[in-house]
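K.L.:
Here it is: the structure, laid out below.
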Amino acid sequence: LSRLKHATRDPLAAGPGLAVRVHKTQVTSSILFELLVVVIAPVVFVLVLDESCLRYYLDFAPDLASLMEAWRINQRGREAYRPGFCSRRLLSQFSYVWLIYALMRGLFSPSKTLIQAHPKAQRLMTWFRSIC
């Protein structure tokens, strides 16, 4: 995507200025994609579909929707939104995911990098590549 944006096949051959711009675009799009996939999309889907929030799950279950209508509790959207319940639901569902994700990114990635930089680990990886 970044090579298409900057119209180049080999950013290193075009010079350091273009290479930096290409890599900066790659990092930016990677961070935005990760933010969208890990944080924004799950929160939006829970907000839209959850019982404590907008309750649009009723659109996917017509039998349940008719039952809720008979009981007169078939509100969807703004009418179904309960401010204290929805935010509590979102925090309770995603706080563990966000915490574990932050710990993995903060602890495991640097550890993996340090292990891979060790000479014995490099020899082991070289040996493994030679047999595969």
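A note on labels: chains of the structure tokens are A, B, ... as shown, every chain counts residues from 1, and ligands are counted from 1 in their shown order.
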At a cut-off of 7 Å, can you tabulate as a tab-separated table every residue of region 83-103 of chain A near region 51-75 of chain A together with its closest atom pair and the distance in Å to one decimal, using only C-alpha atoms and ordering rows by chain then number?
P.N.:
residue	atom	partner	partner_atom	distance
A:Phe85	CA	A:Ser52	CA	5.8
A:Cys86	CA	A:Cys53	CA	4.8
A:Arg89	CA	A:Ser52	CA	7.0
K.L.:
Would you export the selected residues with C-alpha atoms as a PDB file, in the first residue's frame, please?
P.N.:
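The file below, part09.pdb, is the result:
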ATOM      1  CA  PHE A  85     -25.248  -0.191  32.075  1.00  0.00           C
ATOM      2  CA  CYS A  86     -23.684   0.078  28.635  1.00  0.00           C
ATOM      3  CA  ARG A  89     -20.632  -3.628  30.170  1.00  0.00           C
TER       4      ARG A  89
END
K.L.:
So how many Å separate CA of Leu99 (chain A) and CA of Thr113 (chain A), to one decimal?
P.N.:
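Computing it gives 21.2 Å between the two atoms.
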K.L.:
In Å, rounded to a single decimal, give me how far CA of Ser30 (chain A) is from CA of Pro16 (chain A).
P.N.:
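So the two atoms, CA of Pro16 (chain A) and CA of Ser30 (chain A), lie 20.9 Å apart.
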K.L.:
Residues at most 12 Å from region 101-106 of chain A, counting only C-alpha atoms, excluding those fewer than 4 positions away in the same chain, as a list in words?
P.N.:
Glu34, Leu35, Val38, Val39, Phe94, Ser95, Tyr96, Val97, Pro110, Ser111, Lys112 and Thr113 of chain A
K.L.:
Taking the chain letters and numbering used in this document, name the residues of region 9-119 of chain A that DSSP puts in alpha helix (DSSP H), as a ChimeraX atom specification.
P.N.:
/A:11-14,16-35,41-49,62-70,83-103,109-117,119
